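**Q** Sharing my_file_1.cif here; it has mmCIF, N, CA and C atoms.
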data_run
loop_
_atom_site.label_atom_id
_atom_site.label_comp_id
_atom_site.auth_asym_id
_atom_site.auth_seq_id
_atom_site.Cartn_x
_atom_site.Cartn_y
_atom_site.Cartn_z
N MET Q 317 31.00 60.03 -54.02
CA MET Q 317 32.25 59.65 -53.41
C MET Q 317 33.07 58.87 -54.44
N PRO Q 318 34.32 59.28 -54.68
CA PRO Q 318 35.13 58.58 -55.68
C PRO Q 318 35.50 57.18 -55.21
N PRO Q 319 35.77 56.28 -56.17
CA PRO Q 319 36.18 54.93 -55.76
C PRO Q 319 37.52 54.98 -55.05
N ARG Q 320 37.76 54.01 -54.22
CA ARG Q 320 39.06 54.00 -53.55
C ARG Q 320 39.77 52.70 -53.89
N ALA Q 321 41.05 52.82 -54.01
CA ALA Q 321 41.86 51.65 -54.36
C ALA Q 321 42.11 50.82 -53.11
N ILE Q 322 42.09 49.55 -53.28
CA ILE Q 322 42.42 48.65 -52.19
C ILE Q 322 43.71 47.94 -52.58
N VAL Q 323 44.76 48.22 -51.86
CA VAL Q 323 46.07 47.64 -52.17
C VAL Q 323 46.55 46.91 -50.92
N LEU Q 324 47.00 45.67 -51.10
CA LEU Q 324 47.51 44.90 -49.97
C LEU Q 324 48.88 45.43 -49.58
N GLU Q 325 49.05 45.75 -48.29
CA GLU Q 325 50.36 46.18 -47.80
C GLU Q 325 50.61 45.53 -46.46
N PRO Q 326 51.74 44.93 -46.21
CA PRO Q 326 52.74 44.65 -47.24
C PRO Q 326 52.22 43.60 -48.20
N ARG Q 327 52.73 43.59 -49.37
CA ARG Q 327 52.26 42.65 -50.38
C ARG Q 327 52.50 41.23 -49.92
N GLN Q 328 51.46 40.46 -49.95
CA GLN Q 328 51.58 39.07 -49.56
C GLN Q 328 51.68 38.22 -50.82
N VAL Q 329 52.60 37.30 -50.82
CA VAL Q 329 52.75 36.39 -51.96
C VAL Q 329 52.12 35.07 -51.58
N TYR Q 330 51.09 34.71 -52.32
CA TYR Q 330 50.43 33.44 -52.10
C TYR Q 330 50.97 32.44 -53.10
N LYS Q 331 50.99 31.17 -52.72
CA LYS Q 331 51.49 30.14 -53.62
C LYS Q 331 50.35 29.20 -54.00
N ASP Q 332 50.42 28.72 -55.25
CA ASP Q 332 49.41 27.77 -55.69
C ASP Q 332 49.80 26.37 -55.21
N GLU Q 333 49.03 25.36 -55.62
CA GLU Q 333 49.27 24.00 -55.15
C GLU Q 333 50.60 23.42 -55.62
N HIS Q 334 51.26 24.07 -56.59
CA HIS Q 334 52.56 23.61 -57.09
C HIS Q 334 53.71 24.45 -56.54
N GLY Q 335 53.39 25.36 -55.61
CA GLY Q 335 54.42 26.18 -54.99
C GLY Q 335 54.82 27.41 -55.79
N ARG Q 336 54.12 27.66 -56.91
CA ARG Q 336 54.42 28.85 -57.70
C ARG Q 336 53.73 30.07 -57.10
N PRO Q 337 54.41 31.22 -57.10
CA PRO Q 337 53.75 32.41 -56.55
C PRO Q 337 52.55 32.80 -57.41
N SER Q 338 51.52 33.25 -56.75
CA SER Q 338 50.34 33.68 -57.48
C SER Q 338 50.56 35.09 -58.02
N ILE Q 339 49.68 35.50 -58.91
CA ILE Q 339 49.76 36.82 -59.51
C ILE Q 339 48.79 37.74 -58.81
N PHE Q 340 49.25 38.95 -58.51
CA PHE Q 340 48.39 39.96 -57.92
C PHE Q 340 47.75 40.72 -59.07
N LEU Q 341 46.46 40.47 -59.30
CA LEU Q 341 45.74 41.07 -60.41
C LEU Q 341 44.81 42.14 -59.88
N ALA Q 342 44.83 43.29 -60.52
CA ALA Q 342 43.91 44.36 -60.17
C ALA Q 342 42.90 44.51 -61.29
N CYS Q 343 41.66 44.79 -60.93
CA CYS Q 343 40.58 44.88 -61.90
C CYS Q 343 39.68 46.04 -61.53
N ALA Q 344 39.27 46.84 -62.52
CA ALA Q 344 38.36 47.95 -62.25
C ALA Q 344 37.47 48.21 -63.44
N MET Q 345 36.20 48.46 -63.17
CA MET Q 345 35.25 48.76 -64.21
C MET Q 345 34.47 50.04 -63.97
N LEU Q 346 34.51 50.59 -62.79
CA LEU Q 346 33.69 51.75 -62.47
C LEU Q 346 34.41 53.05 -62.82
N THR Q 347 33.64 54.11 -62.97
CA THR Q 347 34.21 55.41 -63.31
C THR Q 347 35.33 55.77 -62.36
N GLY Q 348 36.48 56.07 -62.91
CA GLY Q 348 37.63 56.44 -62.11
C GLY Q 348 38.44 55.25 -61.63
N GLY Q 349 37.88 54.06 -61.61
CA GLY Q 349 38.59 52.89 -61.13
C GLY Q 349 39.79 52.51 -61.96
N PRO Q 350 39.67 52.53 -63.30
CA PRO Q 350 40.83 52.16 -64.12
C PRO Q 350 42.10 52.96 -63.82
N GLN Q 351 41.95 54.22 -63.49
CA GLN Q 351 43.15 55.02 -63.19
C GLN Q 351 43.87 54.48 -61.97
N TYR Q 352 43.15 53.93 -61.01
CA TYR Q 352 43.79 53.37 -59.83
C TYR Q 352 44.56 52.10 -60.16
N VAL Q 353 44.01 51.28 -61.06
CA VAL Q 353 44.73 50.08 -61.47
C VAL Q 353 46.05 50.48 -62.11
N VAL Q 354 46.00 51.39 -63.07
CA VAL Q 354 47.20 51.80 -63.80
C VAL Q 354 48.21 52.45 -62.86
N ARG Q 355 47.75 53.25 -61.93
CA ARG Q 355 48.65 53.94 -60.99
C ARG Q 355 49.33 53.00 -60.01
N HIS Q 356 48.69 51.86 -59.72
CA HIS Q 356 49.21 51.01 -58.64
C HIS Q 356 50.06 49.84 -59.10
N TYR Q 357 50.51 49.84 -60.34
CA TYR Q 357 51.52 48.85 -60.71
C TYR Q 357 52.73 49.04 -59.80
N LYS Q 358 53.03 50.29 -59.48
CA LYS Q 358 54.18 50.58 -58.61
C LYS Q 358 53.98 50.06 -57.20
N SER Q 359 52.73 49.71 -56.83
CA SER Q 359 52.45 49.16 -55.50
C SER Q 359 52.48 47.64 -55.49
N GLY Q 360 52.83 47.05 -56.63
CA GLY Q 360 52.97 45.60 -56.64
C GLY Q 360 51.98 44.85 -57.50
N ILE Q 361 51.18 45.53 -58.28
CA ILE Q 361 50.26 44.83 -59.17
C ILE Q 361 51.09 44.13 -60.25
N ASP Q 362 50.83 42.87 -60.49
CA ASP Q 362 51.53 42.12 -61.53
C ASP Q 362 50.84 42.25 -62.88
N ALA Q 363 49.51 42.33 -62.89
CA ALA Q 363 48.74 42.42 -64.12
C ALA Q 363 47.45 43.17 -63.83
N GLY Q 364 46.91 43.81 -64.86
CA GLY Q 364 45.69 44.59 -64.65
C GLY Q 364 44.66 44.35 -65.73
N PHE Q 365 43.41 44.56 -65.35
CA PHE Q 365 42.28 44.52 -66.28
C PHE Q 365 41.43 45.74 -66.02
N ILE Q 366 41.13 46.49 -67.08
CA ILE Q 366 40.26 47.65 -66.93
C ILE Q 366 39.21 47.62 -68.05
N ALA Q 367 38.00 47.98 -67.71
CA ALA Q 367 36.93 48.04 -68.69
C ALA Q 367 36.52 49.49 -68.86
N HIS Q 368 36.23 49.84 -70.11
CA HIS Q 368 35.88 51.20 -70.52
C HIS Q 368 36.62 52.25 -69.70
N PRO Q 369 37.95 52.31 -69.91
CA PRO Q 369 38.78 53.20 -69.09
C PRO Q 369 38.41 54.67 -69.25
N SER Q 370 38.56 55.36 -68.17
CA SER Q 370 38.39 56.81 -68.18
C SER Q 370 39.38 57.40 -67.19
N LEU Q 371 39.77 58.60 -67.42
CA LEU Q 371 40.64 59.37 -66.54
C LEU Q 371 42.07 58.84 -66.44
N VAL Q 372 42.46 57.86 -67.27
CA VAL Q 372 43.83 57.38 -67.27
C VAL Q 372 44.67 58.34 -68.11
N GLN Q 373 45.70 58.88 -67.52
CA GLN Q 373 46.57 59.83 -68.22
C GLN Q 373 47.64 59.06 -69.00
N GLU Q 374 48.12 59.68 -70.08
CA GLU Q 374 49.12 59.02 -70.93
C GLU Q 374 50.37 58.66 -70.14
N HIS Q 375 50.85 59.56 -69.29
CA HIS Q 375 52.08 59.26 -68.52
C HIS Q 375 51.87 58.10 -67.56
N GLU Q 376 50.65 57.91 -67.07
CA GLU Q 376 50.36 56.78 -66.19
C GLU Q 376 50.40 55.47 -66.97
N LEU Q 377 49.84 55.48 -68.16
CA LEU Q 377 49.85 54.30 -69.00
C LEU Q 377 51.28 53.94 -69.42
N GLN Q 378 52.10 54.94 -69.66
CA GLN Q 378 53.49 54.72 -70.05
C GLN Q 378 54.29 54.05 -68.93
N ALA Q 379 53.84 54.18 -67.69
CA ALA Q 379 54.60 53.70 -66.54
C ALA Q 379 54.22 52.29 -66.09
N ILE Q 380 53.31 51.60 -66.79
CA ILE Q 380 52.93 50.26 -66.34
C ILE Q 380 54.14 49.33 -66.40
N THR Q 381 54.17 48.37 -65.49
CA THR Q 381 55.31 47.47 -65.41
C THR Q 381 54.91 46.00 -65.58
N GLY Q 382 53.71 45.78 -66.07
CA GLY Q 382 53.23 44.41 -66.28
C GLY Q 382 52.11 44.40 -67.30
N PRO Q 383 51.58 43.22 -67.60
CA PRO Q 383 50.52 43.08 -68.60
C PRO Q 383 49.26 43.87 -68.23
N LEU Q 384 48.56 44.35 -69.27
CA LEU Q 384 47.31 45.09 -69.08
C LEU Q 384 46.32 44.66 -70.14
N SER Q 385 45.10 44.40 -69.71
CA SER Q 385 44.01 44.07 -70.62
C SER Q 385 42.95 45.15 -70.51
N ILE Q 386 42.49 45.61 -71.67
CA ILE Q 386 41.47 46.67 -71.71
C ILE Q 386 40.26 46.15 -72.47
N ALA Q 387 39.08 46.31 -71.88
CA ALA Q 387 37.82 46.02 -72.55
C ALA Q 387 37.21 47.37 -72.93
N ALA Q 388 37.04 47.60 -74.23
CA ALA Q 388 36.58 48.89 -74.71
C ALA Q 388 35.28 48.77 -75.49
N ALA Q 389 34.49 49.82 -75.44
CA ALA Q 389 33.22 49.87 -76.17
C ALA Q 389 33.42 50.57 -77.51
N GLU Q 390 32.72 50.10 -78.51
CA GLU Q 390 32.79 50.73 -79.84
C GLU Q 390 32.30 52.17 -79.78
N ASN Q 391 31.22 52.40 -79.08
CA ASN Q 391 30.62 53.73 -78.98
C ASN Q 391 30.89 54.30 -77.59
N ASP Q 392 31.98 55.03 -77.47
CA ASP Q 392 32.39 55.51 -76.15
C ASP Q 392 32.87 56.96 -76.28
N ASN Q 393 32.10 57.88 -75.73
CA ASN Q 393 32.49 59.30 -75.82
C ASN Q 393 33.55 59.66 -74.78
N ILE Q 394 33.83 58.77 -73.83
CA ILE Q 394 34.86 59.03 -72.83
C ILE Q 394 36.19 58.38 -73.23
N PHE Q 395 36.13 57.25 -73.91
CA PHE Q 395 37.31 56.55 -74.42
C PHE Q 395 37.09 56.28 -75.91
N PRO Q 396 37.06 57.36 -76.72
CA PRO Q 396 36.76 57.21 -78.15
C PRO Q 396 37.90 56.53 -78.91
N ALA Q 397 37.65 56.24 -80.17
CA ALA Q 397 38.61 55.53 -81.02
C ALA Q 397 39.98 56.20 -81.01
N GLU Q 398 40.03 57.51 -81.08
CA GLU Q 398 41.32 58.21 -81.09
C GLU Q 398 42.12 57.93 -79.82
N MET Q 399 41.47 57.98 -78.66
CA MET Q 399 42.16 57.66 -77.40
C MET Q 399 42.57 56.20 -77.34
N ARG Q 400 41.72 55.34 -77.87
CA ARG Q 400 42.03 53.91 -77.89
C ARG Q 400 43.29 53.67 -78.72
N HIS Q 401 43.37 54.31 -79.87
CA HIS Q 401 44.54 54.15 -80.74
C HIS Q 401 45.79 54.73 -80.08
N THR Q 402 45.65 55.87 -79.42
CA THR Q 402 46.78 56.46 -78.69
C THR Q 402 47.25 55.53 -77.59
N SER Q 403 46.30 54.95 -76.87
CA SER Q 403 46.64 54.00 -75.80
C SER Q 403 47.38 52.80 -76.36
N GLU Q 404 46.94 52.31 -77.51
CA GLU Q 404 47.61 51.18 -78.14
C GLU Q 404 49.05 51.55 -78.49
N ASP Q 405 49.25 52.73 -79.07
CA ASP Q 405 50.61 53.18 -79.40
C ASP Q 405 51.49 53.24 -78.16
N ILE Q 406 50.94 53.75 -77.07
CA ILE Q 406 51.69 53.85 -75.81
C ILE Q 406 52.03 52.45 -75.29
N LEU Q 407 51.05 51.56 -75.32
CA LEU Q 407 51.28 50.20 -74.82
C LEU Q 407 52.34 49.47 -75.63
N VAL Q 408 52.36 49.66 -76.93
CA VAL Q 408 53.39 49.05 -77.76
C VAL Q 408 54.77 49.52 -77.30
N LYS Q 409 54.89 50.81 -77.02
CA LYS Q 409 56.19 51.37 -76.63
C LYS Q 409 56.63 50.92 -75.24
N THR Q 410 55.69 50.52 -74.37
CA THR Q 410 56.09 50.06 -73.03
C THR Q 410 56.84 48.74 -73.09
N GLY Q 411 56.57 47.95 -74.12
CA GLY Q 411 57.18 46.63 -74.20
C GLY Q 411 56.47 45.60 -73.32
N GLN Q 412 55.43 46.03 -72.62
CA GLN Q 412 54.67 45.11 -71.78
C GLN Q 412 53.63 44.38 -72.64
N ARG Q 413 53.22 43.21 -72.17
CA ARG Q 413 52.14 42.51 -72.86
C ARG Q 413 50.84 43.27 -72.63
N TYR Q 414 50.02 43.34 -73.67
CA TYR Q 414 48.74 44.03 -73.53
C TYR Q 414 47.71 43.38 -74.44
N GLN Q 415 46.48 43.69 -74.14
CA GLN Q 415 45.36 43.19 -74.93
C GLN Q 415 44.28 44.26 -74.90
N ILE Q 416 43.73 44.57 -76.05
CA ILE Q 416 42.59 45.48 -76.11
C ILE Q 416 41.47 44.76 -76.86
N ASN Q 417 40.38 44.52 -76.15
CA ASN Q 417 39.21 43.91 -76.77
C ASN Q 417 38.19 45.01 -77.03
N LEU Q 418 37.76 45.11 -78.28
CA LEU Q 418 36.76 46.11 -78.67
C LEU Q 418 35.43 45.40 -78.86
N TYR Q 419 34.44 45.83 -78.11
CA TYR Q 419 33.12 45.22 -78.18
C TYR Q 419 32.19 46.10 -79.01
N GLY Q 420 31.77 45.57 -80.15
CA GLY Q 420 30.91 46.31 -81.07
C GLY Q 420 29.47 46.40 -80.58
N GLY Q 421 28.85 47.52 -80.90
CA GLY Q 421 27.43 47.70 -80.59
C GLY Q 421 27.12 48.05 -79.15
N VAL Q 422 28.15 48.36 -78.35
CA VAL Q 422 27.90 48.74 -76.96
C VAL Q 422 28.51 50.10 -76.67
N GLU Q 423 28.09 50.67 -75.56
CA GLU Q 423 28.55 52.00 -75.16
C GLU Q 423 29.35 51.94 -73.87
N HIS Q 424 29.97 53.07 -73.54
CA HIS Q 424 30.73 53.19 -72.30
C HIS Q 424 29.88 52.71 -71.13
N GLY Q 425 30.46 51.87 -70.30
CA GLY Q 425 29.76 51.36 -69.13
C GLY Q 425 29.15 49.99 -69.33
N PHE Q 426 29.35 49.39 -70.50
CA PHE Q 426 28.69 48.11 -70.80
C PHE Q 426 29.03 47.00 -69.81
N ALA Q 427 30.20 47.05 -69.20
CA ALA Q 427 30.61 45.96 -68.31
C ALA Q 427 29.92 46.02 -66.95
N VAL Q 428 29.36 47.16 -66.60
CA VAL Q 428 28.70 47.26 -65.30
C VAL Q 428 27.21 47.57 -65.39
N ARG Q 429 26.79 48.11 -66.50
CA ARG Q 429 25.35 48.37 -66.65
C ARG Q 429 24.96 48.01 -68.08
N ARG Q 430 24.27 46.92 -68.19
CA ARG Q 430 23.84 46.46 -69.49
C ARG Q 430 22.36 46.15 -69.42
N ASN Q 431 21.72 46.19 -70.56
CA ASN Q 431 20.31 45.84 -70.66
C ASN Q 431 20.26 44.35 -70.98
N VAL Q 432 19.75 43.54 -70.06
CA VAL Q 432 19.73 42.09 -70.24
C VAL Q 432 18.84 41.68 -71.40
N ASP Q 433 17.99 42.58 -71.87
CA ASP Q 433 17.11 42.28 -73.00
C ASP Q 433 17.78 42.55 -74.34
N VAL Q 434 19.00 43.09 -74.32
CA VAL Q 434 19.73 43.37 -75.56
C VAL Q 434 20.90 42.38 -75.64
N PRO Q 435 20.78 41.40 -76.52
CA PRO Q 435 21.78 40.32 -76.59
C PRO Q 435 23.22 40.81 -76.76
N VAL Q 436 23.45 41.82 -77.59
CA VAL Q 436 24.83 42.28 -77.81
C VAL Q 436 25.43 42.85 -76.53
N GLU Q 437 24.62 43.49 -75.70
CA GLU Q 437 25.12 44.03 -74.43
C GLU Q 437 25.45 42.91 -73.44
N THR Q 438 24.61 41.92 -73.39
CA THR Q 438 24.85 40.78 -72.50
C THR Q 438 26.09 40.01 -72.95
N PHE Q 439 26.22 39.80 -74.26
CA PHE Q 439 27.39 39.12 -74.80
C PHE Q 439 28.68 39.87 -74.44
N ALA Q 440 28.70 41.17 -74.68
CA ALA Q 440 29.91 41.97 -74.42
C ALA Q 440 30.28 41.92 -72.95
N ARG Q 441 29.32 42.09 -72.09
CA ARG Q 441 29.58 42.06 -70.65
C ARG Q 441 30.11 40.70 -70.22
N ASP Q 442 29.46 39.64 -70.68
CA ASP Q 442 29.87 38.29 -70.31
C ASP Q 442 31.29 37.99 -70.83
N GLN Q 443 31.60 38.39 -72.03
CA GLN Q 443 32.93 38.16 -72.59
C GLN Q 443 34.00 38.95 -71.86
N ALA Q 444 33.67 40.17 -71.47
CA ALA Q 444 34.64 41.02 -70.76
C ALA Q 444 35.04 40.39 -69.42
N PHE Q 445 34.14 39.64 -68.83
CA PHE Q 445 34.43 39.04 -67.52
C PHE Q 445 35.04 37.64 -67.62
N ARG Q 446 35.28 37.15 -68.80
CA ARG Q 446 35.90 35.82 -68.97
C ARG Q 446 37.38 35.90 -68.82
#
Could you spell out this file's structure in structure tokens?
**A**
Amino acid sequence: MPPRAIVLEPRQVYKDEHGRPSIFLACAMLTGGPQYVVRHYKSGIDAGFIAHPSLVQEHELQAITGPLSIAAAENDNIFPAEMRHTSEDILVKTGQRYQINLYGGVEHGFAVRRNVDVPVETFARDQAFR
């Protein structure tokens, strides 16, 4: 069963203790999840975080309307270096703030399935969630 997006409707604006509106952040790490984050900026997402993205189309990435952070694996056959570089080029052209963190020594899926006995995998996963 594919993941399903959970979007608040109507969008509720919460305020912090200083009366400032909070940010609606979307986050996805599972297969297919990142595409839902990118697609739902139009539904009111202010900022997004995706780990080891897959299935995100170039036109979807071009349409983001807020900051995006990507956690990527060095060894990723689904989001290889060429796609990562293309994504970076697209993000530059959007004019939106973005961040791409590349975690060395790990493979696609490191943020959700890591071997706790392998320090580099634990480090990458822990850093991606900070």
**Q** Would you list the contacts of range 381-398 of chain Q as JSON, numbers by chain, taking every protein, DNA or RNA residue within 6.5 Å and counting all atoms listed in the file, but skipping same-chain residues closer than 6 positions in sequence?
**A** {"Q": [357, 358, 361, 362, 363, 364, 365, 366, 367, 368, 369, 370, 412, 413, 414, 415, 416, 417, 418, 419, 420, 421, 422, 423, 424, 444]}
**Q** Expressed in Å to a single decimal, how great is the separation between CA of His375 in chain Q and CA of Ser403 in chain Q?
**A**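 Taking CA of His375 in chain Q and CA of Ser403 in chain Q, their separation equals 10.5 Å.
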**Q** Between CA of Phe426 in chain Q and atom C of Tyr352 in chain Q, what distance in Å does the model show, to one decimal?
**A** 19.5 Å
**Q** Could you please determine the separation between CA of Gln443 in chain Q and CA of Leu371 in chain Q in Å, to one decimal place?
**A**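 CA of Leu371 in chain Q lies at a distance of 23.4 Å from CA of Gln443 in chain Q.
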**Q** Between Q:Arg446, Q:His356, Q:Asn431, Q:Glu374, which residue has the minimum interatomic distance to Glu404 in chain Q, considering only C-alpha atoms?
**A**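 Counting only C-alpha atoms, the residue closest to Glu404 in chain Q is Q:Glu374.
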**Q** Could you work out an axis-aligned bounding box for all listed atoms of range 385-398 of chain Q, with 5 Å added on each of the six sides, and give its centre and edge lengths in Å to one decimal, as JSON?
**A**
{"center_x": 37.9, "center_y": 51.9, "center_z": -75.4, "size_x": 24.5, "size_y": 25.6, "size_z": 21.4}
**Q** Taking only C-alpha atoms into account, which of Q:Asp442, Q:Glu376, Q:Lys409, Q:Glu437 comes nearest Arg355 in chain Q?
**A**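 Ranking Q:Asp442, Q:Glu376, Q:Lys409, Q:Glu437 by distance to Arg355 in chain Q, first place goes to Q:Glu376.
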**Q** With distances taken over all atoms listed in the file, which of Q:Ser359, Q:Phe439, Q:Gln351, Q:Leu377 is nearest to Leu407 in chain Q?
**A**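 Using all atoms listed in the file, Leu407 in chain Q sits closest to Q:Leu377.
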